[in-house]
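Asks: After the structure tokens below, expect a handful of questions from me.
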Amino acid sequence: MKQTFTRFLFPAVLAIAATASSGQDKVLNLYSARHYQTDEALYANFTKQTGIKINRIEAKEDELLERIRNEGANSPADIFLTVDAARLAKADELGLFAPVRSKLLEDRIPANLRSPDWFAFSTRARVIVANREQVKVEDVQNYEDLANPKLKGKVCSRSGSHPYNISLMASLIARMGEEKAEQWARGVVANFARAPKGGDTDQIKSVAAGECGVAVSNTYYLARLLRSEKPEDRRMMERVAIIWPNQKGVGAHINISGGGMLKSAPNKESAVKFLEYLASDDAQRYFADGNNEWPSVPTVAVKNSALEAMGKFKADPLPVAALAKNAAAAQRTYDRAGWK
Ligand code: FE
């Protein structure tokens, strides 16, 4: 419904963009793969602070990327917001982003959460979920453990081509090298309870139902279920152990949501202002909490009962730019290992 609406609005965005370049109303054309209720407040607040009106196009990540490519130099898009380092890497590889130098962004966003071309504004972790009746929690404390033959027939997963798994593999390649990472992937594939299917929430449900002993999931899917008003969701979560992986080693794999300014941006000044705004205290809270994530700016705290319930953890400090760099190798590794 929302998508149809925004599509319908698109010619109006073009018209407004043209007006802006002639020096009238200040606007920002935002292409966003985000669609959370708190985003309305996030954007309204920016307009209130700066007088810059936001024209927003919301669609699926890959659709937006395709659209920006097709529009080429004539694209009205100023900013592309999306989730996952692998997707930002793809946009970067296609040469869509313009480098942004901003003292404010460099001061606020930790170096491991940005590249010269794009910035992370929130983080999520990829954690292990286990059914206590199916596996021993102490046997699944590390990503490496998922390849242990002890877990034969117990592991469920979404596709190896999905960006979340690509980024996880990219981090393993950075930590153990491609060869060992492939061995790991082969071990996990040998442990599959079924061929990869569904999304993270499907894996959580299957773990709760005992169809799978163990799986991995992004934290916000777990937080969503923990905060759910539906009693069946909360009952389901009682059957699922959430395990912070690799806490005695490098820490849990972290991914991000974020964005950057496009090379063809017609409103570059507004675009930089918007990126800087997203790093402000208020915006960080909206941005992260809208999807039960953590702010990128370390001094900003969110009040979120589900995140608090999951407890404190050690995050892998690997730069997200390294995930981006290893994304292609990660896909090759899954392919060789037969992780479909
Ligand atoms: Fe997701």
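Ligands are numbered from 1 in the order shown, residues from 1 within each chain, and chains are lettered A, B, ... in the order they appear in the structure tokens.
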Show which residues sit within 9 Å of Asn148 of chain A, as a list in words. Count only C-alpha atoms, and ignore same-chain residues fewer than 3 positions away.
Replies: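 Those residues are Asp139, Glu144, Asp145, Leu151, Lys152, Trp184, Gly187, Val188 and Asn191 of chain A.
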Asks: Write out as a ChimeraX atom specification each polymer residue whose atoms come within 10 Å of Arg101 of chain A, counting only C-alpha atoms; drop sequence neighbours fewer than 3 positions from it.
Replies: /A:98,104-106,116-117,272
Asks: Can you write out the residues you just picked, keeping N, CA and C atoms, as a PDB file, in the first residue's frame?
Replies:
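Writing done, so here's again-v5.pdb:
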ATOM      1  N   ALA A  98      28.887   9.610  -3.196  1.00  0.00           N
ATOM      2  CA  ALA A  98      29.920  10.646  -3.232  1.00  0.00           C
ATOM      3  C   ALA A  98      30.590  10.667  -1.869  1.00  0.00           C
ATOM      4  N   LEU A 104      31.864  16.716  11.958  1.00  0.00           N
ATOM      5  CA  LEU A 104      30.832  16.275  12.894  1.00  0.00           C
ATOM      6  C   LEU A 104      30.614  14.758  12.786  1.00  0.00           C
ATOM      7  N   LEU A 105      30.483  14.262  11.567  1.00  0.00           N
ATOM      8  CA  LEU A 105      30.252  12.822  11.391  1.00  0.00           C
ATOM      9  C   LEU A 105      31.464  12.018  11.843  1.00  0.00           C
ATOM     10  N   GLU A 106      32.650  12.545  11.550  1.00  0.00           N
ATOM     11  CA  GLU A 106      33.864  11.825  11.969  1.00  0.00           C
ATOM     12  C   GLU A 106      34.002  11.805  13.496  1.00  0.00           C
ATOM     13  N   PRO A 116      34.640   6.067   3.763  1.00  0.00           N
ATOM     14  CA  PRO A 116      34.684   7.441   3.251  1.00  0.00           C
ATOM     15  C   PRO A 116      33.368   7.842   2.565  1.00  0.00           C
ATOM     16  N   ASP A 117      32.596   6.837   2.117  1.00  0.00           N
ATOM     17  CA  ASP A 117      31.407   7.114   1.305  1.00  0.00           C
ATOM     18  C   ASP A 117      30.076   6.935   2.024  1.00  0.00           C
ATOM     19  N   VAL A 272      24.238  16.618   3.176  1.00  0.00           N
ATOM     20  CA  VAL A 272      25.239  16.548   4.250  1.00  0.00           C
ATOM     21  C   VAL A 272      24.594  16.930   5.582  1.00  0.00           C
TER      22      VAL A 272
END
Asks: Write out as a tab-separated table the residues of chain A that have any atom within 9 Å of an atom of ligand 1, one row each with the nearest atom pair and its distance in Å to one decimal, counting only C-alpha atoms and all ligand atoms, sorted by chain and then rising number.
Replies:
residue	atom	partner	partner_atom_place_in_ligand_line	distance
A:Val83	CA	ligand 1	1 (Fe)	7.5
A:Asp84	CA	ligand 1	1 (Fe)	8.5
A:Tyr164	CA	ligand 1	1 (Fe)	7.9
A:Gly199	CA	ligand 1	1 (Fe)	8.3
A:Asp200	CA	ligand 1	1 (Fe)	7.6
A:Asn218	CA	ligand 1	1 (Fe)	7.1
A:Tyr220	CA	ligand 1	1 (Fe)	7.7
A:Tyr221	CA	ligand 1	1 (Fe)	7.3
Asks: Name the residues of segment 147-269 of chain A that come out as strand (DSSP E or B) in a backbone DSSP run; write them as a PyMOL selection string.
Replies: chain A and resi 155+192+214-218+240-243+252+254-262
Asks: Can you tell me, as an mmCIF file with C-alpha atoms, in the first residue's frame, what residues are no more than 12 Å from segment 43-52 of chain A when counting only C-alpha atoms, ignoring any on the same chain fewer than 3 positions away?
Replies:
data_model
loop_
_atom_site.group_PDB
_atom_site.id
_atom_site.type_symbol
_atom_site.label_atom_id
_atom_site.label_comp_id
_atom_site.auth_asym_id
_atom_site.auth_seq_id
_atom_site.Cartn_x
_atom_site.Cartn_y
_atom_site.Cartn_z
ATOM 1 C CA ALA A 20 14.913 23.371 -5.619
ATOM 2 C CA GLN A 24 13.639 28.197 -4.030
ATOM 3 C CA ASP A 25 12.386 25.883 -1.252
ATOM 4 C CA LYS A 26 15.108 23.753 0.229
ATOM 5 C CA VAL A 27 14.397 20.065 -0.203
ATOM 6 C CA LEU A 28 15.982 16.719 0.328
ATOM 7 C CA ASN A 29 15.092 13.708 -1.787
ATOM 8 C CA LEU A 30 15.455 10.615 0.289
ATOM 9 C CA SER A 32 14.851 4.850 1.971
ATOM 10 C CA ARG A 34 13.423 1.946 6.119
ATOM 11 C CA HIS A 35 9.742 1.873 7.010
ATOM 12 C CA TYR A 36 9.262 2.243 10.722
ATOM 13 C CA GLN A 37 6.637 4.272 12.530
ATOM 14 C CA THR A 38 9.204 6.358 14.396
ATOM 15 C CA ASP A 39 10.646 7.517 11.079
ATOM 16 C CA GLU A 40 7.822 10.058 10.682
ATOM 17 C CA ASN A 55 10.534 14.017 -0.209
ATOM 18 C CA ARG A 56 10.716 10.373 0.609
ATOM 19 C CA ASN A 267 20.848 18.981 -3.132
ATOM 20 C CA GLU A 269 24.253 20.778 1.030
ATOM 21 C CA SER A 270 20.934 19.496 2.368
ATOM 22 C CA ALA A 271 22.213 15.943 2.029
ATOM 23 C CA VAL A 272 25.239 16.548 4.250
ATOM 24 C CA LYS A 273 23.030 18.382 6.760
ATOM 25 C CA PHE A 274 20.707 15.385 6.835
ATOM 26 C CA LEU A 275 23.528 12.903 7.425
ATOM 27 C CA GLU A 276 24.833 15.103 10.235
ATOM 28 C CA TYR A 277 21.329 15.325 11.676
ATOM 29 C CA LEU A 278 21.077 11.516 11.738
ATOM 30 C CA ALA A 279 24.115 11.471 14.021
ATOM 31 C CA SER A 280 22.485 13.867 16.535
ATOM 32 C CA ASP A 282 17.590 12.770 19.163
ATOM 33 C CA ALA A 283 17.840 11.343 15.675
ATOM 34 C CA GLN A 284 20.058 8.504 16.861
ATOM 35 C CA TYR A 286 14.616 7.533 16.751
ATOM 36 C CA PHE A 287 16.757 5.858 14.155
#
Asks: From the list A:Ile254, A:Leu64, A:Leu168, A:Ala120, which residue is nearest Ala91 of chain A when using only C-alpha atoms?
Replies: A:Leu64
Asks: Write out as a tab-separated table a residue-level contact list of segment 45-133 of chain A versus segment 299-303 of chain A with cut-off 12 Å: for each qualifying residue the closest pair of atoms and the distance in Å to one decimal, counting only C-alpha atoms, rows sorted by chain and residue number upward.
Replies:
residue	atom	partner	partner_atom	distance
A:Asp107	CA	A:Thr299	CA	11.5
A:Arg108	CA	A:Thr299	CA	8.8
A:Ile109	CA	A:Thr299	CA	10.1
A:Pro110	CA	A:Thr299	CA	10.7
A:Phe121	CA	A:Val300	CA	11.4
A:Ser122	CA	A:Val300	CA	10.8
Asks: Could you work out how far atom CA of His253 of chain A lies from atom CA of Glu182 of chain A, giving the answer in Å with one decimal?
Replies: 17.4 Å
Asks: Going by DSSP on the backbone, which bits of segment 138-178 of chain A are helix (DSSP H, G or I)? Write them as a PyMOL selection string, please.
Replies: chain A and resi 138-139+143-147+149-151+163-176+178
Asks: Hey, can you check how far atom CA of Val127 of chain A sits from atom CA of Asn142 of chain A?
Replies: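 Here the two named atoms are 9.3 Å from each other.
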Asks: Do a neighbour search on segment 76-78 of chain A at 9 Å with only C-alpha atoms, toss out local chain neighbours closer than 4 positions, and write the hits as a short mmCIF file (atom, residue, chain, number, x, y, z; two decimals) with all heavy atoms, in the first residue's frame.
Replies:
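Contents of out05.cif, as written:
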data_model
loop_
_atom_site.label_atom_id
_atom_site.label_comp_id
_atom_site.auth_asym_id
_atom_site.auth_seq_id
_atom_site.Cartn_x
_atom_site.Cartn_y
_atom_site.Cartn_z
N VAL A 13 8.00 14.44 -6.97
CA VAL A 13 9.34 14.60 -6.41
C VAL A 13 10.26 15.21 -7.46
O VAL A 13 11.02 16.13 -7.19
CB VAL A 13 9.90 13.24 -5.94
CG1 VAL A 13 11.36 13.38 -5.57
CG2 VAL A 13 9.10 12.72 -4.78
N LEU A 14 10.15 14.73 -8.70
CA LEU A 14 10.98 15.26 -9.77
C LEU A 14 10.73 16.75 -9.95
O LEU A 14 11.65 17.53 -10.06
CB LEU A 14 10.63 14.53 -11.09
CG LEU A 14 11.31 13.19 -11.29
CD1 LEU A 14 10.68 12.48 -12.48
CD2 LEU A 14 12.80 13.38 -11.52
N ALA A 17 12.24 18.66 -7.09
CA ALA A 17 13.70 18.70 -7.18
C ALA A 17 14.13 19.78 -8.16
O ALA A 17 15.08 20.51 -7.91
CB ALA A 17 14.23 17.34 -7.62
N ALA A 18 13.39 19.89 -9.26
CA ALA A 18 13.74 20.88 -10.27
C ALA A 18 13.58 22.30 -9.70
O ALA A 18 14.41 23.17 -9.93
CB ALA A 18 12.87 20.70 -11.51
N LEU A 28 15.08 17.85 0.31
CA LEU A 28 15.98 16.72 0.33
C LEU A 28 15.20 15.53 -0.22
O LEU A 28 14.11 15.23 0.25
CB LEU A 28 16.42 16.42 1.77
CG LEU A 28 17.28 15.16 1.88
CD1 LEU A 28 18.72 15.48 1.54
CD2 LEU A 28 17.18 14.55 3.25
N ASN A 29 15.76 14.88 -1.22
CA ASN A 29 15.09 13.71 -1.79
C ASN A 29 15.75 12.46 -1.23
O ASN A 29 16.93 12.20 -1.46
CB ASN A 29 15.16 13.74 -3.32
CG ASN A 29 14.44 14.96 -3.87
OD1 ASN A 29 13.38 15.36 -3.36
ND2 ASN A 29 15.02 15.60 -4.87
N LEU A 30 14.94 11.74 -0.47
CA LEU A 30 15.45 10.62 0.29
C LEU A 30 14.91 9.30 -0.26
O LEU A 30 13.70 9.14 -0.38
CB LEU A 30 15.01 10.80 1.75
CG LEU A 30 15.25 9.66 2.74
CD1 LEU A 30 16.73 9.43 2.94
CD2 LEU A 30 14.58 10.01 4.07
N TYR A 31 15.80 8.41 -0.62
CA TYR A 31 15.40 7.05 -1.02
C TYR A 31 15.70 6.15 0.17
O TYR A 31 16.86 5.99 0.53
CB TYR A 31 16.19 6.58 -2.24
CG TYR A 31 15.74 7.15 -3.57
CD1 TYR A 31 15.06 8.37 -3.64
CD2 TYR A 31 15.98 6.46 -4.75
CE1 TYR A 31 14.65 8.88 -4.87
CE2 TYR A 31 15.57 6.96 -5.98
CZ TYR A 31 14.91 8.17 -6.03
OH TYR A 31 14.51 8.66 -7.24
N ILE A 57 11.00 8.49 -0.84
CA ILE A 57 10.58 7.31 -1.61
C ILE A 57 10.97 6.10 -0.79
O ILE A 57 12.15 5.92 -0.47
CB ILE A 57 11.35 7.22 -2.95
CG1 ILE A 57 11.21 8.50 -3.77
CG2 ILE A 57 10.90 6.01 -3.75
CD1 ILE A 57 9.88 8.73 -4.38
N ILE A 68 18.00 3.82 -8.67
CA ILE A 68 19.05 4.84 -8.71
C ILE A 68 19.97 4.59 -9.92
O ILE A 68 20.35 5.52 -10.63
CB ILE A 68 19.88 4.84 -7.40
CG1 ILE A 68 18.99 5.25 -6.22
CG2 ILE A 68 21.06 5.78 -7.49
CD1 ILE A 68 19.59 4.98 -4.84
N GLU A 71 18.10 5.62 -13.10
CA GLU A 71 17.94 7.07 -13.24
C GLU A 71 19.27 7.74 -13.60
O GLU A 71 19.28 8.82 -14.18
CB GLU A 71 17.40 7.66 -11.93
CG GLU A 71 15.96 7.30 -11.69
CD GLU A 71 15.50 7.59 -10.25
OE1 GLU A 71 16.36 7.85 -9.38
OE2 GLU A 71 14.29 7.52 -10.02
N GLY A 260 24.29 7.03 2.67
CA GLY A 260 25.27 7.98 2.17
C GLY A 260 24.65 8.93 1.16
O GLY A 260 23.49 8.77 0.78
N MET A 261 25.45 9.90 0.77
CA MET A 261 25.01 10.88 -0.24
C MET A 261 25.34 10.35 -1.63
O MET A 261 26.43 9.82 -1.85
CB MET A 261 25.73 12.21 -0.01
CG MET A 261 25.36 13.26 -1.03
SD MET A 261 26.05 14.87 -0.59
CE MET A 261 27.73 14.69 -1.19
N LEU A 262 24.41 10.52 -2.54
CA LEU A 262 24.64 10.02 -3.89
C LEU A 262 25.45 11.02 -4.73
O LEU A 262 25.35 12.23 -4.53
CB LEU A 262 23.30 9.72 -4.56
CG LEU A 262 22.57 8.59 -3.81
CD1 LEU A 262 21.09 8.62 -4.05
CD2 LEU A 262 23.17 7.25 -4.15
N LYS A 263 26.24 10.45 -5.62
CA LYS A 263 27.11 11.28 -6.46
C LYS A 263 26.29 12.28 -7.27
O LYS A 263 26.69 13.41 -7.47
CB LYS A 263 27.87 10.33 -7.40
CG LYS A 263 29.25 10.82 -7.77
CD LYS A 263 29.82 9.95 -8.85
CE LYS A 263 30.90 9.04 -8.31
NZ LYS A 263 31.28 8.00 -9.28
N SER A 264 25.12 11.82 -7.72
CA SER A 264 24.28 12.69 -8.56
C SER A 264 23.35 13.59 -7.75
O SER A 264 22.48 14.24 -8.33
CB SER A 264 23.47 11.81 -9.50
OG SER A 264 22.75 10.84 -8.74
N ALA A 265 23.51 13.63 -6.44
CA ALA A 265 22.59 14.38 -5.57
C ALA A 265 22.42 15.83 -6.04
O ALA A 265 23.41 16.56 -6.13
CB ALA A 265 23.09 14.37 -4.14
N PRO A 266 21.18 16.26 -6.33
CA PRO A 266 20.99 17.66 -6.73
C PRO A 266 21.06 18.63 -5.53
O PRO A 266 21.28 19.82 -5.73
CB PRO A 266 19.59 17.69 -7.35
CG PRO A 266 19.00 16.35 -7.18
CD PRO A 266 19.95 15.47 -6.43
N ASN A 267 20.88 18.10 -4.32
CA ASN A 267 20.85 18.98 -3.13
C ASN A 267 21.93 18.55 -2.14
O ASN A 267 21.64 18.06 -1.05
CB ASN A 267 19.47 18.92 -2.47
CG ASN A 267 18.34 19.20 -3.46
OD1 ASN A 267 18.20 20.32 -3.95
ND2 ASN A 267 17.57 18.19 -3.77
N LYS A 268 23.17 18.75 -2.54
CA LYS A 268 24.28 18.19 -1.75
C LYS A 268 24.39 18.82 -0.35
O LYS A 268 24.67 18.12 0.62
CB LYS A 268 25.61 18.36 -2.49
CG LYS A 268 25.71 17.44 -3.71
CD LYS A 268 27.14 17.14 -4.08
CE LYS A 268 27.27 15.95 -5.02
NZ LYS A 268 26.58 16.11 -6.32
N SER A 270 21.99 20.07 1.52
CA SER A 270 20.93 19.50 2.37
C SER A 270 21.27 18.06 2.74
O SER A 270 20.97 17.60 3.84
CB SER A 270 19.59 19.51 1.63
OG SER A 270 19.21 20.81 1.31
N ALA A 271 21.89 17.36 1.80
CA ALA A 271 22.21 15.94 2.03
C ALA A 271 23.21 15.79 3.18
O ALA A 271 23.04 14.97 4.07
CB ALA A 271 22.77 15.32 0.75
#
Asks: Restricting the calculation to only C-alpha atoms, which member of A:Phe119, A:Ala86, A:Gln331, A:Ile242 is positioned closest to Ser102 of chain A?
Replies: A:Phe119
Asks: Can you tell me, as a PyMOL selection string, what residues are no more than 12 Å from Asp233 of chain A when counting only C-alpha atoms, ignoring any on the same chain fewer than 4 positions away?
Replies: chain A and resi 201+204-205+208-209+221-229+237-240
Asks: Which residues come within 6 Å of Val129 of chain A, counting only C-alpha atoms, excluding same-chain residues fewer than 3 positions away, as a list in words?
Replies: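 Those residues are Val214, Ala215, Val216, Ala241 and Ile242 of chain A.
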